[in-house]
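S.K.: Following this line is query-v6.pdb, made up of PDB, C-alpha atoms:
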```pdb
ATOM      1  CA  MET A 134       2.203 -52.282   4.168
ATOM      2  CA  ASN A 135       0.661 -49.229   2.531
ATOM      3  CA  PRO A 136      -2.414 -49.737   0.394
ATOM      4  CA  SER A 137      -2.212 -48.589  -3.217
ATOM      5  CA  PRO A 138      -3.488 -45.078  -3.737
ATOM      6  CA  ALA A 139      -6.849 -44.714  -5.407
ATOM      7  CA  PRO A 140      -6.595 -43.990  -9.109
ATOM      8  CA  SER A 141      -6.820 -40.286  -9.821
ATOM      9  CA  SER A 142      -9.854 -39.071 -11.656
ATOM     10  CA  PRO A 143      -9.443 -36.893 -14.727
ATOM     11  CA  ALA A 144      -9.417 -33.159 -14.189
ATOM     12  CA  PRO A 145     -12.812 -31.537 -14.628
ATOM     13  CA  ALA A 146     -13.429 -29.858 -17.964
ATOM     14  CA  PRO A 147     -12.687 -26.156 -17.900
ATOM     15  CA  THR A 148     -15.606 -23.759 -17.777
ATOM     16  CA  SER A 149     -16.298 -21.701 -20.886
ATOM     17  CA  GLU A 150     -14.849 -18.683 -19.091
ATOM     18  CA  GLN A 151     -11.645 -20.546 -18.201
ATOM     19  CA  LEU A 152     -11.368 -21.836 -21.757
ATOM     20  CA  ALA A 153     -11.859 -18.349 -23.209
ATOM     21  CA  LYS A 154      -9.067 -17.068 -20.959
ATOM     22  CA  ARG A 155      -6.742 -19.884 -22.049
ATOM     23  CA  ILE A 156      -7.510 -19.219 -25.707
ATOM     24  CA  ALA A 157      -6.812 -15.502 -25.256
ATOM     25  CA  GLN A 158      -3.555 -16.290 -23.432
ATOM     26  CA  PHE A 159      -2.335 -18.632 -26.187
ATOM     27  CA  GLU A 160      -3.501 -16.270 -28.957
ATOM     28  CA  ASN A 161      -1.430 -13.526 -27.320
ATOM     29  CA  MET A 162       1.577 -15.837 -27.052
ATOM     30  CA  ALA A 163       1.286 -16.931 -30.700
ATOM     31  CA  GLN A 164       0.933 -13.311 -31.858
ATOM     32  CA  ALA A 165       3.810 -12.086 -29.695
ATOM     33  CA  ASP A 166       6.148 -14.795 -31.012
ATOM     34  CA  ALA A 167       4.847 -16.157 -34.305
ATOM     35  CA  ALA A 168       7.732 -18.663 -34.437
ATOM     36  CA  ASN A 169       6.804 -20.273 -31.089
ATOM     37  CA  GLU A 170       5.575 -23.709 -32.147
ATOM     38  CA  MET A 171       4.459 -24.620 -28.632
ATOM     39  CA  ALA A 172       2.235 -21.534 -28.448
ATOM     40  CA  HIS A 173       0.531 -22.635 -31.674
ATOM     41  CA  PHE A 174       0.282 -26.224 -30.409
ATOM     42  CA  SER A 175      -1.241 -25.102 -27.110
ATOM     43  CA  LEU A 176      -3.607 -22.756 -28.926
ATOM     44  CA  GLY A 177      -4.702 -25.652 -31.128
ATOM     45  CA  ARG A 178      -5.472 -27.767 -28.084
ATOM     46  CA  ALA A 179      -7.493 -24.961 -26.508
ATOM     47  CA  TYR A 180      -9.426 -24.358 -29.736
ATOM     48  CA  GLY A 181     -10.109 -28.098 -29.945
ATOM     49  CA  GLU A 182     -11.488 -28.133 -26.407
ATOM     50  CA  ALA A 183     -13.747 -25.239 -27.404
ATOM     51  CA  GLN A 184     -14.903 -27.263 -30.431
ATOM     52  CA  ARG A 185     -13.428 -24.673 -32.777
ATOM     53  CA  TYR A 186     -12.072 -27.440 -34.955
ATOM     54  CA  GLN A 187     -10.988 -25.464 -38.024
ATOM     55  CA  ASP A 188      -9.195 -22.901 -35.843
ATOM     56  CA  ALA A 189      -7.544 -25.796 -34.018
ATOM     57  CA  ALA A 190      -6.464 -27.407 -37.288
ATOM     58  CA  ASP A 191      -5.005 -24.105 -38.502
ATOM     59  CA  SER A 192      -2.984 -23.742 -35.285
ATOM     60  CA  PHE A 193      -1.647 -27.295 -35.503
ATOM     61  CA  LEU A 194      -0.779 -26.788 -39.185
ATOM     62  CA  ARG A 195       1.170 -23.648 -38.240
ATOM     63  CA  CYS A 196       2.966 -25.705 -35.609
ATOM     64  CA  ILE A 197       3.901 -28.245 -38.309
ATOM     65  CA  GLN A 198       5.317 -25.447 -40.476
ATOM     66  CA  LEU A 199       7.502 -24.359 -37.568
ATOM     67  CA  ALA A 200       8.419 -27.836 -36.282
ATOM     68  CA  PRO A 201       8.051 -30.338 -39.147
ATOM     69  CA  THR A 202       9.210 -33.258 -37.006
ATOM     70  CA  MET A 203       6.543 -32.795 -34.296
ATOM     71  CA  SER A 204       4.474 -35.884 -35.091
ATOM     72  CA  MET A 205       1.869 -35.119 -32.421
ATOM     73  CA  ALA A 206       1.020 -31.890 -34.279
ATOM     74  CA  TYR A 207       0.260 -33.927 -37.419
ATOM     75  CA  GLN A 208      -1.952 -36.239 -35.388
ATOM     76  CA  MET A 209      -3.870 -33.375 -33.820
ATOM     77  CA  ALA A 210      -4.134 -31.413 -37.093
ATOM     78  CA  GLY A 211      -5.501 -34.481 -38.857
ATOM     79  CA  GLU A 212      -8.019 -35.137 -36.107
ATOM     80  CA  MET A 213      -9.230 -31.528 -36.129
ATOM     81  CA  LEU A 214      -9.467 -31.497 -39.934
ATOM     82  CA  LEU A 215     -11.590 -34.647 -39.768
ATOM     83  CA  LYS A 216     -13.859 -33.007 -37.209
ATOM     84  CA  SER A 217     -14.096 -30.008 -39.552
ATOM     85  CA  GLY A 218     -15.146 -32.267 -42.430
ATOM     86  CA  VAL A 219     -11.988 -31.629 -44.452
ATOM     87  CA  THR A 220     -11.261 -35.306 -45.021
ATOM     88  CA  GLU A 221      -8.852 -35.223 -47.973
ATOM     89  CA  ARG A 222      -6.618 -32.614 -46.350
ATOM     90  CA  ALA A 223      -6.750 -34.641 -43.133
ATOM     91  CA  VAL A 224      -5.610 -37.766 -44.997
ATOM     92  CA  ASP A 225      -2.664 -35.859 -46.498
ATOM     93  CA  VAL A 226      -1.622 -34.477 -43.111
ATOM     94  CA  LEU A 227      -2.056 -37.830 -41.350
ATOM     95  CA  THR A 228      -0.085 -39.646 -44.040
ATOM     96  CA  ASP A 229       2.787 -37.170 -43.716
ATOM     97  CA  GLY A 230       2.599 -37.431 -39.931
ATOM     98  CA  TYR A 231       2.688 -41.212 -40.014
ATOM     99  CA  THR A 232       5.879 -41.066 -42.059
ATOM    100  CA  VAL A 233       7.451 -38.545 -39.670
ATOM    101  CA  ALA A 234       6.502 -40.620 -36.610
ATOM    102  CA  ALA A 235       7.781 -43.854 -38.203
ATOM    103  CA  GLU A 236      11.086 -42.273 -39.216
ATOM    104  CA  ARG A 237      11.566 -40.876 -35.711
ATOM    105  CA  GLY A 238      10.577 -44.121 -33.970
ATOM    106  CA  GLU A 239       7.641 -42.480 -32.192
ATOM    107  CA  PHE A 240       5.276 -45.359 -31.578
ATOM    108  CA  LYS A 241       2.410 -43.613 -29.785
ATOM    109  CA  PRO A 242       1.637 -40.908 -32.405
ATOM    110  CA  LYS A 243       2.307 -43.426 -35.194
ATOM    111  CA  LYS A 244      -0.323 -45.772 -33.757
ATOM    112  CA  ALA A 245      -2.800 -42.941 -33.126
ATOM    113  CA  ILE A 246      -2.386 -41.703 -36.712
ATOM    114  CA  ALA A 247      -2.812 -45.246 -38.072
ATOM    115  CA  ASP A 248      -5.994 -45.614 -36.014
ATOM    116  CA  LEU A 249      -7.361 -42.318 -37.382
ATOM    117  CA  LEU A 250      -6.644 -43.364 -40.962
ATOM    118  CA  LYS A 251      -8.264 -46.769 -40.432
ATOM    119  CA  SER A 252     -11.306 -45.144 -38.780
ATOM    120  CA  ILE A 253     -12.104 -43.398 -42.064
ATOM    121  CA  GLY A 254     -11.320 -46.420 -44.222
ATOM    122  CA  ARG A 255      -7.964 -45.210 -45.466
ATOM    123  CA  ALA A 256      -4.795 -47.243 -45.866
ATOM    124  CA  VAL A 257      -1.910 -46.817 -43.494
ATOM    125  CA  PRO A 258       1.205 -45.927 -45.483
ATOM    126  CA  GLU A 259       4.043 -48.391 -45.747
ATOM    127  CA  VAL A 260       7.224 -46.874 -44.421
ATOM    128  CA  ALA A 261      10.660 -48.450 -44.556
ATOM    129  CA  THR A 262      12.262 -48.472 -41.128
TER
END
```
Before anything else, please render the file you have as structure tokens.

M.R.:
Amino acid sequence: MNPSPAPSSPAPAPTSEQLAKRIAQFENMAQADAANEMAHFSLGRAYGEAQRYQDAADSFLRCIQLAPTMSMAYQMAGEMLLKSGVTERAVDVLTDGYTVAAERGEFKPKKAIADLLKSIGRAVPEVAT
């Protein structure tokens, strides 16, 4: 009988140099193909890791423009807007994202968006399913 493997530990945080390289790579990708929603999504994640929250929000919002059914982009945009102190815009984005996630049956982003809204004392929208 084989023992269970030890749980894996999370990957170490990238160094500032590694993060700068990733940001440059994703900026180049997003500029080379402005319609590539995954380049904008990945750039948003990298900006978020670098604590460039407004830049991250802008990248996620661009992703939403390109892929309006990507509920995770709404979640991430809302989170970054909150971290940037742009609460009302965050609420609008999160509310739209909650509706998208509910309509698509995407439980995980729907729950995460609901949790974000509740964390700032806002109501979770009622959505007919």

S.K.: Write out as a list in words each polymer residue whose atoms come within 12 Å of A:Ala183, counting all atoms listed in the file; drop sequence neighbours fewer than 3 positions from it.

M.R.: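 That gives Ala146, Pro147, Thr148, Ser149, Glu150, Gln151, Leu152, Ala153, Lys154, Arg155, Ile156, Leu176, Gly177, Arg178, Ala179, Tyr180, Tyr186, Gln187, Asp188, Ala189 and Met213 of chain A.
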
S.K.: Please enumerate the residues selected by the PyMOL selection byres ((chain A and resi 194) around 10) when evaluated against the supplied file, formatted as a PyMOL selection string.

M.R.: chain A and resi 170+173-174+177+188-193+195-201+206-207+209-211+214+226

S.K.: Using the chain letters and numbers from this file, what does the PyMOL selection byres ((chain A and resi 260) around 9) select? Give the answer as a ChimeraX atom specification.

M.R.: /A:231-232,235-236,258-259,261-262

S.K.: Can you work out which one of A:Val257, A:Asp229, A:Leu249, A:Met162 has the shortest atom-to-atom distance to A:Leu215, counting all atoms listed in the file?

M.R.: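 Nearest candidate to A:Leu215 out of A:Val257, A:Asp229, A:Leu249, A:Met162: A:Leu249.
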
S.K.: How far is it from atom CA of A:Gly230 to atom CA of A:Asn169, in Å with one decimal?

M.R.: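 These atoms are spaced 19.8 Å apart.
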
S.K.: Work out how far apart atom CA of A:Ala223 and atom CA of A:Gly254 are and give it in Å to one decimal.

M.R.: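 Result for atom CA of A:Ala223 versus atom CA of A:Gly254: 12.7 Å, one decimal.
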
S.K.: Looking at all atoms listed in the file, which of A:Ala168, A:Thr202, A:Ala256, A:Lys241 is the one that sits closest to A:Thr228?

M.R.: A:Ala256

S.K.: Suppose you want the space between atom CA of A:Met171 and atom CA of A:Arg255; what is it in Å?

M.R.: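 Going from atom CA of A:Met171 over to atom CA of A:Arg255 covers 29.4 Å.
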
S.K.: Could you tell me which of A:Ser175, A:Ser252, A:Pro145, A:Phe240 comes closest to A:Phe159 if we count only C-alpha atoms?

M.R.: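 Counting only C-alpha atoms, the residue closest to A:Phe159 is A:Ser175.
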
S.K.: Smallest atom-to-atom distance to A:Val224: which of A:Met203, A:Lys251, A:Glu239, A:Asp166, using all atoms listed in the file?

M.R.: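 For A:Val224, the nearest of the given residues is A:Lys251.
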
S.K.: Just checking: using all atoms listed in the file, which residue out of A:Ala247, A:Arg222, A:Arg237, A:Glu160 ends up closest to A:Gln208?

M.R.: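 Among the listed residues, the smallest separation from A:Gln208 belongs to A:Ala247.
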